[in-house]
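Undergrad: First the structure, then my questions, so here it is.
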Amino acid sequence: MSTLLQVRDLVKTYGTGEAATRVLRGLTLDLEAGEMAALLGPSGSGKSTLLTILGTLMKPTTGSYVMLGQDMIAADDAALTNFRNLHIGFVFQFHNLLPDFTALENVIFPTAVREGRETPAARTRGRDLLVRMGLADRIDFPTAKLSGGQKQRVAVARALMNGPELVLADEPTGNLDRASAIQVMELIGQINREEGTTFLISTHDEKIASLCRRQVVVGDGVVTG
Amino acid sequence: MLYALKIATRYLTANKAQTALLVTGVAVGVFIFIFMSALIGGLAEFILSRTVGDLSHITIEAETEDPALLISPEGHVLVVAERGRTRTATLAEAATWLPLIQAVSGVRAVSPQIAGAGFLTRGAQVAQVSVTGMEPGRESAILDLDGYMVEGKVRLGSGLVVVGRALADDLNLSLGQTLRLQSSNGVTAALTLSGIFKTGNGAMDNARAFVSLSTARTLFAMPQGVTKIEIKLNDLNAADETALRIRALTGLDAVPWTEGAEQLMEALDAQAQTGYFLKTFALITIVIGVASALLLSTYRRRPEIGIMRAMGAGRGFVIFVFVAQGALIGLMGGVMGAALGYLALLPFPSRDAFRPGTLPMDITQGSYGLAITLTVIGAILASILPARSAARVDPVTAIGQ
Ligand SMILES: Nc1ncnc2c1ncn2[C@@H]1O[C@H](COP(=O)(O)OP(=O)(O)OP(=O)(O)O)[C@@H](O)[C@H]1O
Ligand SMILES: [Mg+2]
C-alpha cells in the first residue's frame, strides 16, 4: 500500500489571546491508499477540525500536510479548490445537498463545475452512481423531497463523482436511524473495496466504527489510538 | 460559465414569488425612467413646436449694407445715404443658392421671401402692415398658413393678398374685396383679398400681409433677388449644425433659430436636468433594491455556497452565479418595465397631435433601449457587492458542522 496522505505535528488554535482554544496539539497521522478508517473521539476533541484541515478547507496554525506528494499548506486558494475538486470528496452531517437541485444535478455538480456545463457523460456517470447507491427511482427527485438516508446516499454519490482518492465524511450517519446508517456504511464499504477509494469517517457510534477496518482515536488534540 | 448561468437561473426560479417581486420592483423603476423620458422629451417637443414650430429654423438675411458715406476732405459729411439702399439689402443670387440649400440633408423646405413694410388702405381706413412676398406653392413652407386659414384660400397669385383675422376685422374686410397696398418704396398696387388666416399670434394676425413674390417684386422695386431665405428643417434640433453646413456651402450668413433663443434653451435645459435627476433616482432605487435582495439571498444561501466551494467551485464561479442573477433580474425587469412603459404611453396622443390640457407624452422618446441597458448595467453593478461577499464565504463556518 502506498501512502495517500501524511500530516505531521498539526496544531490548530482557534481565536487569539484569552479566547484562544488549542484544539489540535501536534497531531500526526498517515493514511494509506485504500484504507477505510473511522475517526473517533469525544465531542470537542477536534474530529471535525481535523477533517476540515485534511479537506483543505482550512489551514492549520502550524504543521505539515502532504497529500499525493503535494504540499497542501503552501498551496493557494485556487490550487486547493482545483485539488479538492479532483481528489477529495466530502460527506457532511448537515447542509449536504443543494436544495433547489435534483438528486442527479447534485451528484454531477463536481464534474459540471469543472467542465462548465452538464455533459451527457457526466449525467451517465451520475446516474450509475445513484443506481449503485440504490436510488434508481430517485434520480430526478428534488432533493428537498428525499429522506435523510436518501440524502446522505446522494451525498456519497456526489463525493465519488470525480473519482477522488479520498472521501472525508463527518458524521455522515449522525442523524440517520440505525438501519439507514448501516445501509450507508455498507455502500461506502462496497465502494472502498471495489474502487480502492480511501475513506475517513468521523463517528460517535462504536457500531458504525466497527464497520471500518481501522479506528483512529483523537483525544487531547493528538491521535491516541 | 453556462453552468453558473444555470445555477443562477435555478436560484431565481426556486423562489418565484421573491423573484417576481424583485423584478416588478425593477420594472417599476424602469417604467418611471421611461415615463420621465417620454414626458421630458415630449414636453420639450411640445414647447419647441409651440414656440419655434412656426418660425424659420434657419434664416438667411441679406446683410444690410451701411450707407456709403461721402466724406469731404474737411470732414463734412456730404451725402449720407441713397434712398434705395437703406431700405433693403438683397440676396441677389438667391436663385442660384436655393437648389443648393434645398439639397442639404435635413432641409425640409426653403422659402425665398421679400419682406418689407407698407400701408393697406380700404376706403378711408389705413393700416400699417409688414408685407411678405412668398413663392406661390410655398406659402406653408415655414408658417403653416394653410392650417391657419379661416376664410378663403392661401394660394397666392399675382394681384392677391392674404391677411390676418384681426386686421381684416379692423378694416372691415371680406373676401374678394379690393385693397390698396402702398409699399415703403412708394409703389401702390390694387390687390384682391383672397384669404384670411388666424394664428393666435397677435402681431401676426394684426399686421401681416402675404403676397406673391412677383407682387412683392413690383411693390418693392426688386426685379431680382430676395431679402431673406427661410429654411425649415426636419429636425429643429439640428439647426445649429445645418446652419454651419449651409454657411460653409454658400458663404451666406445662415442663422439658426437657437441664436437669440438662449432663454428658451436654458429653460429646456433645466427641464432636461430635472429629467436626468429623476431618472438617476429611479436607477439608484433599482440598484439599491437589487443589491439588498441579492445580499439577502447570499446570506440565506451561505451553506450552499460553502458546499459548492468545498466541491471545487472557485470564487470566480460563485461571483458569476450572483452577478448573473443580478443581470437576469435587470434584464427581466428592464424588458418588463419597458413593455409596460410603452403600453402606458400608447393612449397618449402622438407628438403631432398634442393638445393643450393633456400631458405631452412622446412615446417615441421613451429611451427603451437605454432604459434596459442602464438597468442591466445597474443590476450587474448592484450584484457585485453581494457576489463578492458570497465568494468570501468560508466553507467551514458556512457548512457549520
Ligand atoms: N471556529 C471555531 N472557533 C472557535 N472554536 C472552535 C471553532 N470550531 C471549533 N471550535 C472548538 O474546537 C473544539 C473542537 O471542535 P470540533 O468541532 O473539531 O470537535 P469534534 O470532535 O468534531 O466534536 P463533535 O464530536 O461534537 O462534532 C471545540 O471545543 C470547539 O468548540
Ligand atoms: Mg464534529
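Residues in the C-alpha cells are named by chain (A, B, ... in the order shown) and by number from 1 within that chain; ligands are numbered from 1 in the order shown.
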If the limit is 12 Å from any atom of ligand 2, counting only C-alpha atoms and all ligand atoms, which residues qualify? Return them as a ChimeraX atom specification.
TA: /A:23,39-52,92-94,169-172,174,201-204,218 /B:396,399-401
Undergrad: Excluding Pro164 (chain A) and its own-chain neighbours fewer than 2 positions away, which residues fall within 7 Å of it when counting only C-alpha atoms? Please give them as a ChimeraX atom specification.
TA: /A:86-89,160,162,166-167
Undergrad: For chain B, list the residues within 9 Å of chain A, counting only C-alpha atoms, and write the list as a list in words.
TA: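 Only these qualify: Met1, Leu2, Tyr3, Ala4, Lys6, Ile7, Arg10, Tyr11, Ala14, Pro303, Glu304, Ile305, Ile307, Met308, Arg309, Ala310, Met311, Gly312, Ala313, Gly314, Arg315, Phe317, Asp394, Pro395, Val396, Ala398, Ile399, Gly400 and Gln401 of chain B.
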Undergrad: I need the residues from that last selection saved to file as a PDB file, in the first residue's frame (with N, CA and C atoms), if you can.
TA:
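result_32.pdb, freshly written:
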```
ATOM      1  N   MET B   1     -19.092  28.923 -18.118  1.00  0.00           N
ATOM      2  CA  MET B   1     -19.952  29.847 -17.370  1.00  0.00           C
ATOM      3  C   MET B   1     -21.425  29.562 -17.632  1.00  0.00           C
ATOM      4  N   LEU B   2     -21.660  28.727 -18.633  1.00  0.00           N
ATOM      5  CA  LEU B   2     -23.023  28.306 -18.916  1.00  0.00           C
ATOM      6  C   LEU B   2     -23.624  27.661 -17.672  1.00  0.00           C
ATOM      7  N   TYR B   3     -22.769  26.909 -16.978  1.00  0.00           N
ATOM      8  CA  TYR B   3     -23.245  26.185 -15.801  1.00  0.00           C
ATOM      9  C   TYR B   3     -23.587  27.154 -14.663  1.00  0.00           C
ATOM     10  N   ALA B   4     -22.762  28.176 -14.515  1.00  0.00           N
ATOM     11  CA  ALA B   4     -23.054  29.191 -13.490  1.00  0.00           C
ATOM     12  C   ALA B   4     -24.377  29.885 -13.804  1.00  0.00           C
ATOM     13  N   LYS B   6     -26.848  28.487 -15.338  1.00  0.00           N
ATOM     14  CA  LYS B   6     -27.913  27.547 -14.993  1.00  0.00           C
ATOM     15  C   LYS B   6     -28.235  27.655 -13.500  1.00  0.00           C
ATOM     16  N   ILE B   7     -27.196  27.703 -12.702  1.00  0.00           N
ATOM     17  CA  ILE B   7     -27.410  27.775 -11.254  1.00  0.00           C
ATOM     18  C   ILE B   7     -28.093  29.093 -10.881  1.00  0.00           C
ATOM     19  N   ARG B  10     -31.652  28.824 -11.745  1.00  0.00           N
ATOM     20  CA  ARG B  10     -32.357  27.959 -10.802  1.00  0.00           C
ATOM     21  C   ARG B  10     -32.631  28.693  -9.496  1.00  0.00           C
ATOM     22  N   TYR B  11     -31.655  29.459  -9.054  1.00  0.00           N
ATOM     23  CA  TYR B  11     -31.855  30.214  -7.816  1.00  0.00           C
ATOM     24  C   TYR B  11     -33.019  31.182  -7.964  1.00  0.00           C
ATOM     25  N   ALA B  14     -36.258  29.148  -8.134  1.00  0.00           N
ATOM     26  CA  ALA B  14     -36.565  28.402  -6.915  1.00  0.00           C
ATOM     27  C   ALA B  14     -37.468  29.223  -6.000  1.00  0.00           C
ATOM     28  N   PRO B 303     -24.814  28.289   3.397  1.00  0.00           N
ATOM     29  CA  PRO B 303     -24.420  26.874   3.452  1.00  0.00           C
ATOM     30  C   PRO B 303     -24.196  26.277   2.059  1.00  0.00           C
ATOM     31  N   GLU B 304     -25.089  26.619   1.133  1.00  0.00           N
ATOM     32  CA  GLU B 304     -24.934  26.099  -0.225  1.00  0.00           C
ATOM     33  C   GLU B 304     -23.666  26.597  -0.886  1.00  0.00           C
ATOM     34  N   ILE B 305     -23.375  27.886  -0.649  1.00  0.00           N
ATOM     35  CA  ILE B 305     -22.143  28.437  -1.223  1.00  0.00           C
ATOM     36  C   ILE B 305     -20.953  27.672  -0.652  1.00  0.00           C
ATOM     37  N   ILE B 307     -20.929  24.587   0.411  1.00  0.00           N
ATOM     38  CA  ILE B 307     -20.882  23.262  -0.213  1.00  0.00           C
ATOM     39  C   ILE B 307     -20.260  23.352  -1.603  1.00  0.00           C
ATOM     40  N   MET B 308     -20.711  24.337  -2.374  1.00  0.00           N
ATOM     41  CA  MET B 308     -20.164  24.478  -3.727  1.00  0.00           C
ATOM     42  C   MET B 308     -18.658  24.707  -3.687  1.00  0.00           C
ATOM     43  N   ARG B 309     -18.245  25.548  -2.741  1.00  0.00           N
ATOM     44  CA  ARG B 309     -16.800  25.817  -2.626  1.00  0.00           C
ATOM     45  C   ARG B 309     -16.054  24.543  -2.250  1.00  0.00           C
ATOM     46  N   ALA B 310     -16.633  23.759  -1.332  1.00  0.00           N
ATOM     47  CA  ALA B 310     -15.984  22.516  -0.921  1.00  0.00           C
ATOM     48  C   ALA B 310     -15.890  21.540  -2.100  1.00  0.00           C
ATOM     49  N   MET B 311     -16.907  21.557  -2.971  1.00  0.00           N
ATOM     50  CA  MET B 311     -16.942  20.640  -4.117  1.00  0.00           C
ATOM     51  C   MET B 311     -16.026  21.092  -5.250  1.00  0.00           C
ATOM     52  N   GLY B 312     -15.374  22.213  -5.064  1.00  0.00           N
ATOM     53  CA  GLY B 312     -14.414  22.629  -6.080  1.00  0.00           C
ATOM     54  C   GLY B 312     -14.883  23.788  -6.948  1.00  0.00           C
ATOM     55  N   ALA B 313     -15.903  24.511  -6.507  1.00  0.00           N
ATOM     56  CA  ALA B 313     -16.296  25.720  -7.235  1.00  0.00           C
ATOM     57  C   ALA B 313     -15.381  26.858  -6.799  1.00  0.00           C
ATOM     58  N   GLY B 314     -14.768  27.526  -7.751  1.00  0.00           N
ATOM     59  CA  GLY B 314     -13.855  28.622  -7.428  1.00  0.00           C
ATOM     60  C   GLY B 314     -14.630  29.869  -7.042  1.00  0.00           C
ATOM     61  N   ARG B 315     -13.888  30.845  -6.539  1.00  0.00           N
ATOM     62  CA  ARG B 315     -14.529  32.111  -6.158  1.00  0.00           C
ATOM     63  C   ARG B 315     -15.164  32.780  -7.368  1.00  0.00           C
ATOM     64  N   PHE B 317     -16.482  31.432  -9.925  1.00  0.00           N
ATOM     65  CA  PHE B 317     -17.743  30.759 -10.237  1.00  0.00           C
ATOM     66  C   PHE B 317     -18.864  31.311  -9.365  1.00  0.00           C
ATOM     67  N   ASP B 394     -16.759  31.527   3.991  1.00  0.00           N
ATOM     68  CA  ASP B 394     -15.831  30.495   4.429  1.00  0.00           C
ATOM     69  C   ASP B 394     -16.599  29.179   4.497  1.00  0.00           C
ATOM     70  N   PRO B 395     -16.196  28.212   3.681  1.00  0.00           N
ATOM     71  CA  PRO B 395     -16.943  26.953   3.630  1.00  0.00           C
ATOM     72  C   PRO B 395     -17.093  26.321   5.013  1.00  0.00           C
ATOM     73  N   VAL B 396     -16.068  26.443   5.825  1.00  0.00           N
ATOM     74  CA  VAL B 396     -16.094  25.757   7.120  1.00  0.00           C
ATOM     75  C   VAL B 396     -17.220  26.281   7.995  1.00  0.00           C
ATOM     76  N   ALA B 398     -19.699  28.113   7.011  1.00  0.00           N
ATOM     77  CA  ALA B 398     -20.973  28.069   6.303  1.00  0.00           C
ATOM     78  C   ALA B 398     -21.621  26.693   6.415  1.00  0.00           C
ATOM     79  N   ILE B 399     -20.795  25.669   6.279  1.00  0.00           N
ATOM     80  CA  ILE B 399     -21.340  24.321   6.381  1.00  0.00           C
ATOM     81  C   ILE B 399     -21.674  24.034   7.844  1.00  0.00           C
ATOM     82  N   GLY B 400     -20.926  24.669   8.714  1.00  0.00           N
ATOM     83  CA  GLY B 400     -21.228  24.692  10.143  1.00  0.00           C
ATOM     84  C   GLY B 400     -21.600  23.349  10.738  1.00  0.00           C
ATOM     85  N   GLN B 401     -20.653  22.463  10.800  1.00  0.00           N
ATOM     86  CA  GLN B 401     -20.924  21.116  11.335  1.00  0.00           C
ATOM     87  C   GLN B 401     -21.262  21.146  12.812  1.00  0.00           C
TER      88      GLN B 401
END
```
Undergrad: Where does DSSP see alpha helix (DSSP H) in region 143-383 of chain B, if you list the residues as a PyMOL selection string?
TA: chain B and resi 145-148+165-170+202-207+213-219+239-250+262-300+302-310+315-345+368-383
Undergrad: Residues near Arg122 (chain B), anyone? I mean within 10 Å using only C-alpha atoms, not counting same-chain ones fewer than 3 positions away, as a ChimeraX atom specification.
TA: /B:119,125-127,171-173,177-181
Undergrad: Using only C-alpha atoms, what table do you get, as a tab-separated table, when you list each residue of region 34-100 of chain A with an atom no more than 8 Å from region 185-200 of chain A, its nearest pair of atoms, and their distance in Å rounded to one decimal, rows by chain then rising number?
TA:
```
residue	atom	partner	partner_atom	distance
A:Gly34	CA	A:Gly196	CA	4.5
A:Glu35	CA	A:Thr198	CA	4.9
A:Met36	CA	A:Phe199	CA	4.7
A:Ala37	CA	A:Leu200	CA	4.9
A:Ala38	CA	A:Leu200	CA	5.8
A:Leu39	CA	A:Leu200	CA	6.6
```
Undergrad: Taking 5 positions as the minimum chain separation for residues in the same chain, which residues sit within 12 Å of Val161 (chain B) when counting only C-alpha atoms? Answer as a PyMOL selection string.
TA: chain B and resi 120+129+131-134+136+139+152-156+168+173-181+189-197+208-216
Undergrad: Using Å and a single decimal, report how far CA of Leu143 (chain B) sits from CA of Ala243 (chain B).
TA: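 We find that CA of Ala243 (chain B) and CA of Leu143 (chain B) lie 19.0 Å from each other.
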Undergrad: Just the residues within 10 Å of Ile139 (chain A), please, counting only C-alpha atoms, with nothing from its chain fewer than 2 positions along; format it as a list in words.
TA: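 Near neighbours after the sequence-gap exclusion: Thr102, Ala103, Leu104, Glu105, Asn106, Val107, Gly126, Arg127, Asp128, Leu129, Leu130, Val131, Gly134, Leu135, Ala136, Asp137, Phe141, Pro142, Thr143 and Val154 of chain A.
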Undergrad: Quick one: residues within 9 Å of region 10-15 of chain A, only C-alpha atoms, excluding same-chain residues fewer than 5 positions away - as a PyMOL selection string?
TA: chain A and resi 20-28+49-50+59-65+221-222
Undergrad: For CA of Ile384 (chain B) and CA of Ile284 (chain B), determine how far apart the two atoms are, in Å to one decimal place.
TA: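 Interatomic distance here is 14.7 Å.
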